[in-house]
Structure formats: C-alpha cells, structure tokens
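K.L.:
Sharing query29.cif (mmCIF, C-alpha atoms, pLDDT in the B column; chains and numbers go by the auth columns) below.
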data_model
#
loop_
_atom_site.group_PDB
_atom_site.id
_atom_site.type_symbol
_atom_site.label_atom_id
_atom_site.label_comp_id
_atom_site.label_asym_id
_atom_site.label_seq_id
_atom_site.Cartn_x
_atom_site.Cartn_y
_atom_site.Cartn_z
_atom_site.B_iso_or_equiv
_atom_site.auth_seq_id
_atom_site.auth_asym_id
ATOM 1 C CA MET A 1 0.000 0.000 0.000 51.00 172 Z
ATOM 2 C CA PHE A 2 1.436 3.356 -0.992 50.00 173 Z
ATOM 3 C CA LYS A 3 1.532 6.303 1.427 54.00 174 Z
ATOM 4 C CA THR A 4 0.569 9.725 0.128 55.00 175 Z
ATOM 5 C CA HIS A 5 2.625 12.776 1.112 56.00 176 Z
ATOM 6 C CA CYS A 6 1.064 16.237 1.320 60.00 177 Z
ATOM 7 C CA ALA A 7 3.232 19.048 -0.041 65.00 178 Z
ATOM 8 C CA PHE A 8 2.895 22.630 -1.192 64.00 179 Z
ATOM 9 C CA THR A 9 2.903 23.289 -4.877 75.00 180 Z
ATOM 10 C CA LEU A 10 5.343 25.809 -6.329 67.00 181 Z
ATOM 11 C CA ALA A 11 2.445 28.195 -6.991 69.00 182 Z
ATOM 12 C CA GLU A 12 1.346 28.042 -3.354 63.00 183 Z
ATOM 13 C CA VAL A 13 4.902 28.730 -2.136 64.00 184 Z
ATOM 14 C CA LEU A 14 5.237 31.713 -4.463 70.00 185 Z
ATOM 15 C CA ILE A 15 1.892 33.128 -3.361 73.00 186 Z
ATOM 16 C CA THR A 16 2.864 32.758 0.317 69.00 187 Z
ATOM 17 C CA LEU A 17 6.205 34.476 -0.260 68.00 188 Z
ATOM 18 C CA GLY A 18 4.439 37.242 -2.137 71.00 189 Z
ATOM 19 C CA VAL A 19 2.022 37.841 0.749 71.00 190 Z
ATOM 20 C CA ILE A 20 4.921 37.904 3.231 70.00 191 Z
ATOM 21 C CA GLY A 21 6.732 40.412 1.008 66.00 192 Z
ATOM 22 C CA VAL A 22 3.716 42.711 0.822 67.00 193 Z
ATOM 23 C CA VAL A 23 3.199 42.612 4.604 64.00 194 Z
ATOM 24 C CA ALA A 24 6.893 43.275 5.213 58.00 195 Z
ATOM 25 C CA SER A 25 6.928 46.230 2.802 64.00 196 Z
ATOM 26 C CA MET A 26 3.983 47.725 4.683 63.00 197 Z
ATOM 27 C CA THR A 27 5.240 47.196 8.242 63.00 198 Z
ATOM 28 C CA ILE A 28 9.042 47.508 8.111 56.00 199 Z
ATOM 29 C CA PRO A 29 9.130 51.241 7.193 61.00 200 Z
ATOM 30 C CA SER A 30 6.817 52.096 10.107 67.00 201 Z
ATOM 31 C CA LEU A 31 8.917 49.981 12.486 57.00 202 Z
ATOM 32 C CA ILE A 32 12.094 51.726 11.319 63.00 203 Z
ATOM 33 C CA ALA A 33 10.466 55.153 11.722 70.00 204 Z
ATOM 34 C CA LYS A 34 9.328 54.280 15.252 79.00 205 Z
ATOM 35 C CA TYR A 35 12.798 53.024 16.128 81.00 206 Z
ATOM 36 C CA GLN A 36 14.377 56.262 14.871 88.00 207 Z
ATOM 37 C CA LYS A 37 11.902 58.330 16.902 91.00 208 Z
ATOM 38 C CA ASN A 38 12.733 56.306 20.023 93.00 209 Z
ATOM 39 C CA ILE A 39 16.411 57.068 19.473 94.00 210 Z
ATOM 40 C CA LEU A 40 15.655 60.800 19.210 95.00 211 Z
ATOM 41 C CA GLU A 41 13.518 60.702 22.346 96.00 212 Z
ATOM 42 C CA ASN A 42 16.280 59.012 24.348 96.00 213 Z
ATOM 43 C CA GLN A 43 18.859 61.484 23.035 95.00 214 Z
ATOM 44 C CA PHE A 44 16.563 64.366 24.000 97.00 215 Z
ATOM 45 C CA LYS A 45 16.176 63.023 27.547 96.00 216 Z
ATOM 46 C CA LYS A 46 19.945 62.578 27.826 93.00 217 Z
ATOM 47 C CA ALA A 47 20.619 66.142 26.628 95.00 218 Z
ATOM 48 C CA TYR A 48 18.027 67.685 28.945 96.00 219 Z
ATOM 49 C CA SER A 49 19.341 65.661 31.884 95.00 220 Z
ATOM 50 C CA GLU A 50 22.901 66.732 31.113 93.00 221 Z
ATOM 51 C CA VAL A 51 22.178 70.450 31.021 96.00 222 Z
ATOM 52 C CA SER A 52 19.727 70.341 33.961 96.00 223 Z
ATOM 53 C CA GLN A 53 22.315 68.687 36.175 95.00 224 Z
ATOM 54 C CA ALA A 54 24.882 71.302 35.149 95.00 225 Z
ATOM 55 C CA VAL A 55 22.497 74.114 36.139 96.00 226 Z
ATOM 56 C CA LEU A 56 21.782 72.467 39.507 95.00 227 Z
ATOM 57 C CA LEU A 57 25.494 71.989 40.192 94.00 228 Z
ATOM 58 C CA LEU A 58 26.204 75.659 39.508 95.00 229 Z
ATOM 59 C CA LYS A 59 23.391 76.655 41.861 92.00 230 Z
ATOM 60 C CA ALA A 60 24.593 74.326 44.600 93.00 231 Z
ATOM 61 C CA LYS A 61 28.360 74.787 44.295 90.00 232 Z
ATOM 62 C CA GLU A 62 28.694 78.427 43.267 91.00 233 Z
ATOM 63 C CA GLU A 63 25.226 79.832 44.022 95.00 234 Z
ATOM 64 C CA ILE A 64 24.950 81.078 40.465 94.00 235 Z
ATOM 65 C CA ASN A 65 21.646 82.137 38.924 96.00 236 Z
ATOM 66 C CA LEU A 66 22.409 81.887 35.199 97.00 237 Z
ATOM 67 C CA PHE A 67 19.767 84.466 34.256 97.00 238 Z
ATOM 68 C CA GLU A 68 21.411 87.050 36.524 96.00 239 Z
ATOM 69 C CA TYR A 69 24.887 85.855 35.594 97.00 240 Z
ATOM 70 C CA ALA A 70 24.170 86.381 31.893 97.00 241 Z
ATOM 71 C CA LYS A 71 22.725 89.818 32.617 96.00 242 Z
ATOM 72 C CA THR A 72 26.015 90.824 34.226 96.00 243 Z
ATOM 73 C CA TYR A 73 28.638 88.897 32.269 97.00 244 Z
ATOM 74 C CA GLY A 74 26.995 88.207 28.902 96.00 245 Z
ATOM 75 C CA SER A 75 25.981 85.077 27.050 95.00 246 Z
ATOM 76 C CA GLN A 76 29.431 83.821 26.078 92.00 247 Z
ATOM 77 C CA ASN A 77 30.707 83.843 29.649 95.00 248 Z
ATOM 78 C CA THR A 78 27.458 82.184 30.739 96.00 249 Z
ATOM 79 C CA LEU A 79 27.843 79.397 28.199 94.00 250 Z
ATOM 80 C CA ASP A 80 31.471 78.960 29.267 93.00 251 Z
ATOM 81 C CA LYS A 81 30.358 78.704 32.890 95.00 252 Z
ATOM 82 C CA LEU A 82 27.605 76.205 32.040 95.00 253 Z
ATOM 83 C CA MET A 83 29.958 74.065 29.989 93.00 254 Z
ATOM 84 C CA SER A 84 32.466 74.021 32.843 93.00 255 Z
ATOM 85 C CA GLN A 85 30.081 71.447 34.354 94.00 256 Z
ATOM 86 C CA ILE A 86 29.764 69.443 31.118 92.00 257 Z
ATOM 87 C CA SER A 87 32.694 67.610 29.550 84.00 258 Z
ATOM 88 C CA GLY A 88 33.306 68.990 26.062 78.00 259 Z
ATOM 89 C CA ASN A 89 34.952 71.645 23.924 78.00 260 Z
ATOM 90 C CA THR A 90 34.185 74.389 21.451 74.00 261 Z
ATOM 91 C CA TYR A 91 33.431 72.832 18.095 67.00 262 Z
ATOM 92 C CA GLY A 92 36.174 73.228 15.507 57.00 263 Z
ATOM 93 C CA GLY A 93 37.106 76.728 16.643 51.00 264 Z
ATOM 94 C CA SER A 94 33.813 78.083 15.335 51.00 265 Z
ATOM 95 C CA ALA A 95 33.456 81.745 16.360 54.00 266 Z
ATOM 96 C CA ASN A 96 29.681 81.585 16.574 59.00 267 Z
ATOM 97 C CA LEU A 97 26.673 79.699 15.274 58.00 268 Z
ATOM 98 C CA ALA A 98 26.302 81.986 12.250 57.00 269 Z
ATOM 99 C CA ASN A 99 29.843 81.067 11.128 60.00 270 Z
ATOM 100 C CA PHE A 100 29.125 77.470 12.083 63.00 271 Z
ATOM 101 C CA ILE A 101 26.123 77.423 9.740 60.00 272 Z
ATOM 102 C CA LYS A 102 28.106 78.907 6.863 56.00 273 Z
ATOM 103 C CA ASN A 103 30.623 76.089 7.135 58.00 274 Z
ATOM 104 C CA PHE A 104 28.424 72.998 7.125 58.00 275 Z
ATOM 105 C CA TYR A 105 25.466 73.126 9.509 70.00 276 Z
ATOM 106 C CA ARG A 106 22.088 73.783 7.891 75.00 277 Z
ATOM 107 C CA PRO A 107 19.255 73.761 10.469 83.00 278 Z
ATOM 108 C CA LYS A 108 15.713 73.283 9.160 89.00 279 Z
ATOM 109 C CA LYS A 109 12.200 73.965 10.346 91.00 280 Z
ATOM 110 C CA LEU A 110 9.849 71.285 11.627 93.00 281 Z
ATOM 111 C CA ASN A 111 8.603 70.723 8.065 92.00 282 Z
ATOM 112 C CA LYS A 112 12.230 69.974 7.064 88.00 283 Z
ATOM 113 C CA LYS A 113 12.403 73.124 4.922 89.00 284 Z
ATOM 114 C CA SER A 114 15.529 75.226 5.221 82.00 285 Z
ATOM 115 C CA PHE A 115 15.493 78.906 6.112 76.00 286 Z
ATOM 116 C CA THR A 116 17.882 81.815 6.345 70.00 287 Z
ATOM 117 C CA GLY A 117 19.160 83.169 9.631 65.00 288 Z
ATOM 118 C CA ALA A 118 20.293 81.539 12.834 68.00 289 Z
ATOM 119 C CA HIS A 119 19.027 81.212 16.377 79.00 290 Z
ATOM 120 C CA CYS A 120 21.364 81.210 19.387 84.00 291 Z
ATOM 121 C CA ASP A 121 24.054 82.806 17.233 81.00 292 Z
ATOM 122 C CA TYR A 122 25.434 85.074 19.968 86.00 293 Z
ATOM 123 C CA THR A 123 28.088 82.634 21.206 88.00 294 Z
ATOM 124 C CA ASN A 124 30.441 79.994 19.931 85.00 295 Z
ATOM 125 C CA VAL A 125 29.296 76.380 19.668 87.00 296 Z
ATOM 126 C CA TYR A 126 30.207 73.769 22.258 89.00 297 Z
ATOM 127 C CA VAL A 127 30.038 70.038 21.724 88.00 298 Z
ATOM 128 C CA SER A 128 29.828 67.762 24.759 90.00 299 Z
ATOM 129 C CA ASN A 129 31.480 64.365 24.978 89.00 300 Z
ATOM 130 C CA ASN A 130 28.020 62.937 24.221 87.00 301 Z
ATOM 131 C CA GLY A 131 28.051 64.718 20.852 89.00 302 Z
ATOM 132 C CA ILE A 132 25.463 67.338 21.864 92.00 303 Z
ATOM 133 C CA PHE A 133 25.765 70.888 20.459 91.00 304 Z
ATOM 134 C CA TYR A 134 25.144 73.908 22.712 92.00 305 Z
ATOM 135 C CA SER A 135 24.939 77.612 21.831 91.00 306 Z
ATOM 136 C CA MET A 136 23.267 80.703 23.309 92.00 307 Z
ATOM 137 C CA ASP A 137 21.419 83.798 22.152 92.00 308 Z
ATOM 138 C CA ASP A 138 21.412 87.379 23.469 94.00 309 Z
ATOM 139 C CA PRO A 139 21.794 88.009 27.228 96.00 310 Z
ATOM 140 C CA PRO A 140 18.869 89.319 29.312 96.00 311 Z
ATOM 141 C CA GLY A 141 17.913 92.962 29.070 93.00 312 Z
ATOM 142 C CA ASN A 142 16.165 95.138 31.612 92.00 313 Z
ATOM 143 C CA THR A 143 12.720 93.928 30.520 93.00 314 Z
ATOM 144 C CA SER A 144 13.546 90.259 29.852 95.00 315 Z
ATOM 145 C CA LEU A 145 11.233 87.644 31.321 95.00 316 Z
ATOM 146 C CA ALA A 146 13.605 84.778 30.548 96.00 317 Z
ATOM 147 C CA ASP A 147 16.985 84.762 28.788 96.00 318 Z
ATOM 148 C CA PRO A 148 19.337 83.824 27.283 96.00 319 Z
ATOM 149 C CA LYS A 149 17.922 81.239 24.895 95.00 320 Z
ATOM 150 C CA LEU A 150 19.882 77.985 24.779 95.00 321 Z
ATOM 151 C CA CYS A 151 19.826 75.917 21.584 93.00 322 Z
ATOM 152 C CA ILE A 152 20.597 72.216 21.966 95.00 323 Z
ATOM 153 C CA ASP A 153 21.137 69.836 19.061 93.00 324 Z
ATOM 154 C CA ILE A 154 20.734 66.466 20.734 95.00 325 Z
ATOM 155 C CA ASN A 155 22.767 64.516 18.165 92.00 326 Z
ATOM 156 C CA GLY A 156 25.190 67.145 16.901 88.00 327 Z
ATOM 157 C CA LYS A 157 26.018 67.278 13.224 84.00 328 Z
ATOM 158 C CA LYS A 158 23.974 64.156 12.487 88.00 329 Z
ATOM 159 C CA GLY A 159 20.644 64.905 10.790 85.00 330 Z
ATOM 160 C CA PRO A 160 17.956 65.849 10.380 90.00 331 Z
ATOM 161 C CA ASN A 161 19.119 69.069 12.151 89.00 332 Z
ATOM 162 C CA ALA A 162 15.510 70.250 12.308 92.00 333 Z
ATOM 163 C CA TYR A 163 13.797 72.213 15.072 93.00 334 Z
ATOM 164 C CA GLY A 164 11.475 69.916 16.951 96.00 335 Z
ATOM 165 C CA TYR A 165 13.292 66.749 15.844 96.00 336 Z
ATOM 166 C CA ASP A 166 16.845 66.991 17.125 95.00 337 Z
ATOM 167 C CA LEU A 167 17.180 70.741 17.655 94.00 338 Z
ATOM 168 C CA PHE A 168 15.398 72.421 20.581 96.00 339 Z
ATOM 169 C CA ILE A 169 15.291 75.823 22.258 95.00 340 Z
ATOM 170 C CA PHE A 170 15.304 76.284 26.015 97.00 341 Z
ATOM 171 C CA VAL A 171 15.633 79.442 28.095 97.00 342 Z
ATOM 172 C CA PHE A 172 16.733 80.484 31.581 97.00 343 Z
ATOM 173 C CA SER A 173 13.959 81.737 33.831 96.00 344 Z
ATOM 174 C CA LYS A 174 14.505 84.533 36.345 95.00 345 Z
ATOM 175 C CA ASP A 175 15.151 81.996 39.089 94.00 346 Z
ATOM 176 C CA GLY A 176 17.966 80.548 36.982 94.00 347 Z
ATOM 177 C CA ASN A 177 16.258 77.311 35.947 95.00 348 Z
ATOM 178 C CA ILE A 178 16.438 75.868 32.447 96.00 349 Z
ATOM 179 C CA VAL A 179 12.914 75.627 31.008 97.00 350 Z
ATOM 180 C CA PRO A 180 11.317 75.062 27.573 97.00 351 Z
ATOM 181 C CA PHE A 181 10.945 78.208 25.496 96.00 352 Z
ATOM 182 C CA THR A 182 7.267 79.175 25.752 96.00 353 Z
ATOM 183 C CA TYR A 183 7.561 82.853 24.883 95.00 354 Z
ATOM 184 C CA LYS A 184 6.884 84.953 21.818 92.00 355 Z
ATOM 185 C CA TRP A 185 9.906 84.743 19.569 86.00 356 Z
ATOM 186 C CA THR A 186 12.053 87.858 19.488 83.00 357 Z
ATOM 187 C CA VAL A 187 15.534 88.437 18.099 80.00 358 Z
ATOM 188 C CA THR A 188 16.919 89.826 21.355 84.00 359 Z
ATOM 189 C CA GLN A 189 14.975 90.089 24.641 89.00 360 Z
ATOM 190 C CA THR A 190 12.186 87.702 25.621 92.00 361 Z
ATOM 191 C CA VAL A 191 9.424 89.988 26.874 91.00 362 Z
ATOM 192 C CA ASN A 192 6.064 88.295 26.136 93.00 363 Z
ATOM 193 C CA GLU A 193 4.629 84.904 27.066 93.00 364 Z
ATOM 194 C CA LEU A 194 2.676 82.957 24.457 95.00 365 Z
ATOM 195 C CA ASP A 195 -1.098 82.677 24.782 94.00 366 Z
ATOM 196 C CA ASN A 196 -1.004 79.591 22.583 95.00 367 Z
ATOM 197 C CA ILE A 197 2.215 77.585 22.898 96.00 368 Z
ATOM 198 C CA SER A 198 1.292 75.253 20.037 96.00 369 Z
ATOM 199 C CA SER A 199 1.474 78.205 17.621 94.00 370 Z
ATOM 200 C CA GLN A 200 5.253 77.855 17.792 95.00 371 Z
ATOM 201 C CA CYS A 201 5.325 74.095 17.321 96.00 372 Z
ATOM 202 C CA SER A 202 3.637 73.267 14.044 95.00 373 Z
ATOM 203 C CA TYR A 203 4.448 72.131 10.526 95.00 374 Z
ATOM 204 C CA ASN A 204 3.459 75.421 8.965 90.00 375 Z
ATOM 205 C CA ASN A 205 5.935 78.180 8.186 74.00 376 Z
ATOM 206 C CA THR A 206 6.379 79.573 11.723 82.00 377 Z
ATOM 207 C CA ILE A 207 9.542 79.300 13.808 83.00 378 Z
ATOM 208 C CA PRO A 208 9.123 76.041 15.792 90.00 379 Z
ATOM 209 C CA ALA A 209 10.715 77.561 18.884 93.00 380 Z
ATOM 210 C CA SER A 210 8.456 75.978 21.508 96.00 381 Z
ATOM 211 C CA CYS A 211 8.588 72.303 20.546 97.00 382 Z
ATOM 212 C CA SER A 212 10.831 71.680 23.564 98.00 383 Z
ATOM 213 C CA TYR A 213 7.744 72.177 25.741 98.00 384 Z
ATOM 214 C CA TYR A 214 5.872 69.331 24.044 98.00 385 Z
ATOM 215 C CA ALA A 215 8.910 67.107 23.626 98.00 386 Z
ATOM 216 C CA LEU A 216 9.586 67.298 27.356 97.00 387 Z
ATOM 217 C CA SER A 217 6.026 66.365 28.312 97.00 388 Z
ATOM 218 C CA ASN A 218 5.746 63.947 25.353 97.00 389 Z
ATOM 219 C CA THR A 219 2.408 65.469 24.375 98.00 390 Z
ATOM 220 C CA SER A 220 1.321 66.287 20.850 98.00 391 Z
ATOM 221 C CA PRO A 221 0.636 70.017 20.293 97.00 392 Z
ATOM 222 C CA GLU A 222 -2.166 68.986 17.957 96.00 393 Z
ATOM 223 C CA ASP A 223 -3.918 66.515 20.289 97.00 394 Z
ATOM 224 C CA SER A 224 -3.180 66.267 24.018 95.00 395 Z
ATOM 225 C CA SER A 225 -4.337 62.633 24.050 97.00 396 Z
ATOM 226 C CA LYS A 226 -1.461 61.670 21.735 97.00 397 Z
ATOM 227 C CA THR A 227 2.308 61.597 22.179 97.00 398 Z
ATOM 228 C CA TYR A 228 4.878 63.970 20.768 98.00 399 Z
ATOM 229 C CA TRP A 229 7.559 61.520 19.740 97.00 400 Z
ATOM 230 C CA ASN A 230 5.539 58.701 18.205 95.00 401 Z
ATOM 231 C CA ASP A 231 2.362 60.473 17.060 96.00 402 Z
ATOM 232 C CA PHE A 232 3.236 64.093 16.273 97.00 403 Z
ATOM 233 C CA LEU A 233 6.616 63.680 14.590 95.00 404 Z
ATOM 234 C CA LYS A 234 6.205 62.626 10.974 90.00 405 Z
#
How does the structure come out when it is put into structure tokens?

P.N.:
Amino acid sequence: MFKTHCAFTLAEVLITLGVIGVVASMTIPSLIAKYQKNILENQFKKAYSEVSQAVLLLKAKEEINLFEYAKTYGSQNTLDKLMSQISGNTYGGSANLANFIKNFYRPKKLNKKSFTGAHCDYTNVYVSNNGIFYSMDDPPGNTSLADPKLCIDINGKKGPNAYGYDLFIFVFSKDGNIVPFTYKWTVTQTVNELDNISSQCSYNNTIPASCSYYALSNTSPEDSSKTYWNDFLK
C-alpha cells in the first residue's frame, strides 16, 4: 500500500512568499520610523538631563543664577560657565553659530524646509562628549522675562538638524532654571509669554521655537491625548 505525502505546490509557495513580502513592505518602514523616533527621544532626555544637572550643580556649588549671571557677564561667559560642568569643547574653533552654519550646519524647520538666519548665534558652539551641540542667544535685558535662549542639538552634526526633531530651544527663567521656550519669539529680549504655545510648534511656516515644551512632556501640540515623539513627529 502506498503512502501519500502532502506538499505545497510551487504556486502556493510563491503566493505565500508574495504575501509575506507585501506585509513586510507595509510594516518595516513604520517599524524603522518608530525606532528612529525612540532614538531621538532618548537622546533628547539625555541632553536635557545633562544640562539640567549642570544648572543644579552651579546653583549648589557656586550659588549662580544663570539668568542674573548672563545679565552681568553676557551670554558667552554664561555658556562657558555652564559648559564648565559638562565635559566637552568648542566645536572646531567656530566663532559663533552663524559662522558654524556657513561652514556645514544647515538647520531646518519642523517641516524639514531650510530657512535663512540663525538662532542662538550670539556665542560659539560647544560640543559635549556625548556629541550634543550647545549655543546661546542674546543676554537678558532690563525687561527680559527669561533669557538667554539655549539651543541644543541632541545629536550634533547628524541629521535631520531640524527644530522639533533633534534641535530644541530652552531658556533660563529669572530663578535661573532651564525651562522650555514658551515665549513669543524675538531676536533679542524675551518679553512676552505665548497665549497659545502650540502656535510655535507646528508644521506650517512659523519658527518652531516651543517644541521643547511638548517634547519634554511627550504630548502632541495637535492633540493632548497623543504623544509627541511617536504620534506628532512625521
């Protein structure tokens, strides 16, 4: 008596492989995108932790309020003082961020479109041992609510170099703490708070200066029930 053996036909195997290929092509890109966003989120947390600890150390060890310090000694001296608590150096002898941009660094908006000008271009650029870029904007004036602005690129030269993705703006409050920038954008002094913070964290043509607020709380500026890193970032 002969035994019969069940087997797949070549057509069935090819159809199965085709289905697997279609499913993979649909899911792998989204998995890669999610993985890349998780990397950015972890780098953001590391950068914020690094600078926050430096601010706390200066307060504890030297009783320095960086808002008042910058008002007296200027932004460059303030950045130097801050970086004295963070291992790193000035990047490539760059005189300031404007010169830095001319050489090779091209920051973009949240929509990945380039633009002219530079933020935090008052000082030179520091790079920490973790590869994080730091630079500052103008020092506080007599009417400043919070200054100077501090720009942090959480992964340095590596892309996308876009505000809200790997480039964020913080600011020093009057009590010397480092906080997300939630003020109306001005070239020099920060004098007005925003009524609507999300207006400065969107994919339209505005300066995405306040995305640090949403990135820190991991809340989408478009829908508070969704996350910043996995839902809002495209």

K.L.:
Could the centre and edge lengths of an axis-aligned box, enclosing all atoms of segment 279-288 of chain Z in the file with 8 Å extra on each side, be given in Å to one decimal as AutoDock Vina command-line options?

P.N.:
--center_x 13.9 --center_y 76.6 --center_z 8.3 --size_x 26.6 --size_y 29.2 --size_z 22.7

K.L.:
For Lys329 of chain Z, list every protein, DNA or RNA residue within 12 Å, evaluated using all atoms listed in the file, and leave out those in the same chain fewer than 2 positions away; present the list as a PyMOL selection string.

P.N.:
chain Z and resi 211+275-278+302-304+324-327+331-333+336-338

K.L.:
Can you build me a table of segment 212-313 of chain Z residues sitting at most 8 Å from segment 342-359 of chain Z, with the closest atom pair per residue and its distance in Å to one decimal, using all atoms listed in the file, sorted by chain and residue number, as JSON lines?

P.N.:
{"residue": "Z:Ser223", "atom": "CA", "partner": "Z:Ile349", "partner_atom": "CA", "distance": 6.6}
{"residue": "Z:Val226", "atom": "CA", "partner": "Z:Asn348", "partner_atom": "CA", "distance": 7.0}
{"residue": "Z:Ile235", "atom": "CA", "partner": "Z:Gly347", "partner_atom": "CA", "distance": 7.8}
{"residue": "Z:Asn236", "atom": "CA", "partner": "Z:Gly347", "partner_atom": "CA", "distance": 4.5}
{"residue": "Z:Leu237", "atom": "CA", "partner": "Z:Gly347", "partner_atom": "CA", "distance": 5.0}
{"residue": "Z:Phe238", "atom": "CA", "partner": "Z:Gly347", "partner_atom": "CA", "distance": 5.1}
{"residue": "Z:Glu239", "atom": "CA", "partner": "Z:Lys345", "partner_atom": "CA", "distance": 7.4}
{"residue": "Z:Asp308", "atom": "CA", "partner": "Z:Thr359", "partner_atom": "CA", "distance": 7.6}
{"residue": "Z:Asp309", "atom": "CA", "partner": "Z:Thr359", "partner_atom": "CA", "distance": 5.5}
{"residue": "Z:Pro310", "atom": "CA", "partner": "Z:Thr359", "partner_atom": "CA", "distance": 7.8}

K.L.:
Let me make sure I understand: among Z:Thr261, Z:Ser383, Z:Asn282, Z:Gln214, which one has the smallest atom-to-atom distance to Phe339 of chain Z if we use only C-alpha atoms?

P.N.:
Z:Ser383

K.L.:
Between Z:Ser258, Z:Ser315, Z:Thr390, Z:Ser220, which is the closest to Tyr297 of chain Z once you count all atoms listed in the file?

P.N.:
Z:Ser258

K.L.:
Could you name the residues that touch Glu221 of chain Z at 8 Å or less, counting only C-alpha atoms, but leaving out those on the same chain fewer than 4 positions away, as a PyMOL selection string?

P.N.:
chain Z and resi 217+225+257

K.L.:
Mind writing the picked residues with C-alpha atoms as a compact mmCIF listing (two decimals), in the frame of the given file?

P.N.:
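The resulting file, selection_32.txt, is shown below:
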# COMPACT_ATOMS: atom_id res chain seq x y z
CA LYS Z 217 19.94 62.58 27.83
CA ALA Z 225 24.88 71.30 35.15
CA ILE Z 257 29.76 69.44 31.12

K.L.:
Of the candidates Z:Ser370, Z:Asn363, Z:Gln247, Z:Asn213, which shows the shortest atom-to-atom distance to Ala386 of chain Z, using all atoms listed in the file?

P.N.:
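So, comparing all the options, the nearest one is Z:Asn213.
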
K.L.:
What's the separation between atom CA of Pro319 of chain Z and atom CA of Ser395 of chain Z, in Å to one decimal place?

P.N.:
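Atom CA of Ser395 of chain Z lies 28.7 Å from atom CA of Pro319 of chain Z.
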
K.L.:
Atom CA of Glu233 of chain Z and atom CA of Met307 of chain Z, how far apart in Å?

P.N.:
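Separation between atom CA of Met307 of chain Z and atom CA of Glu233 of chain Z: 20.8 Å.
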
K.L.:
Atom CA of Thr314 of chain Z and atom CA of Val362 of chain Z, how far apart in Å?

P.N.:
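Between these atoms lies a distance of 6.3 Å.
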
K.L.:
Can you tell me, as a PyMOL selection string, which residues sit within 12 Å of (27.3, 76.7, 23.4) in the file's frame, using all atoms listed in the file?

P.N.:
chain Z and resi 222+246-255+257+259-262+264-268+271+290-299+303-308+319-324+327

K.L.:
Tell me which residues the PyMOL selection byres ((chain Z and resi 284) around 12) grabs here, as a count of residues only.

P.N.:
20
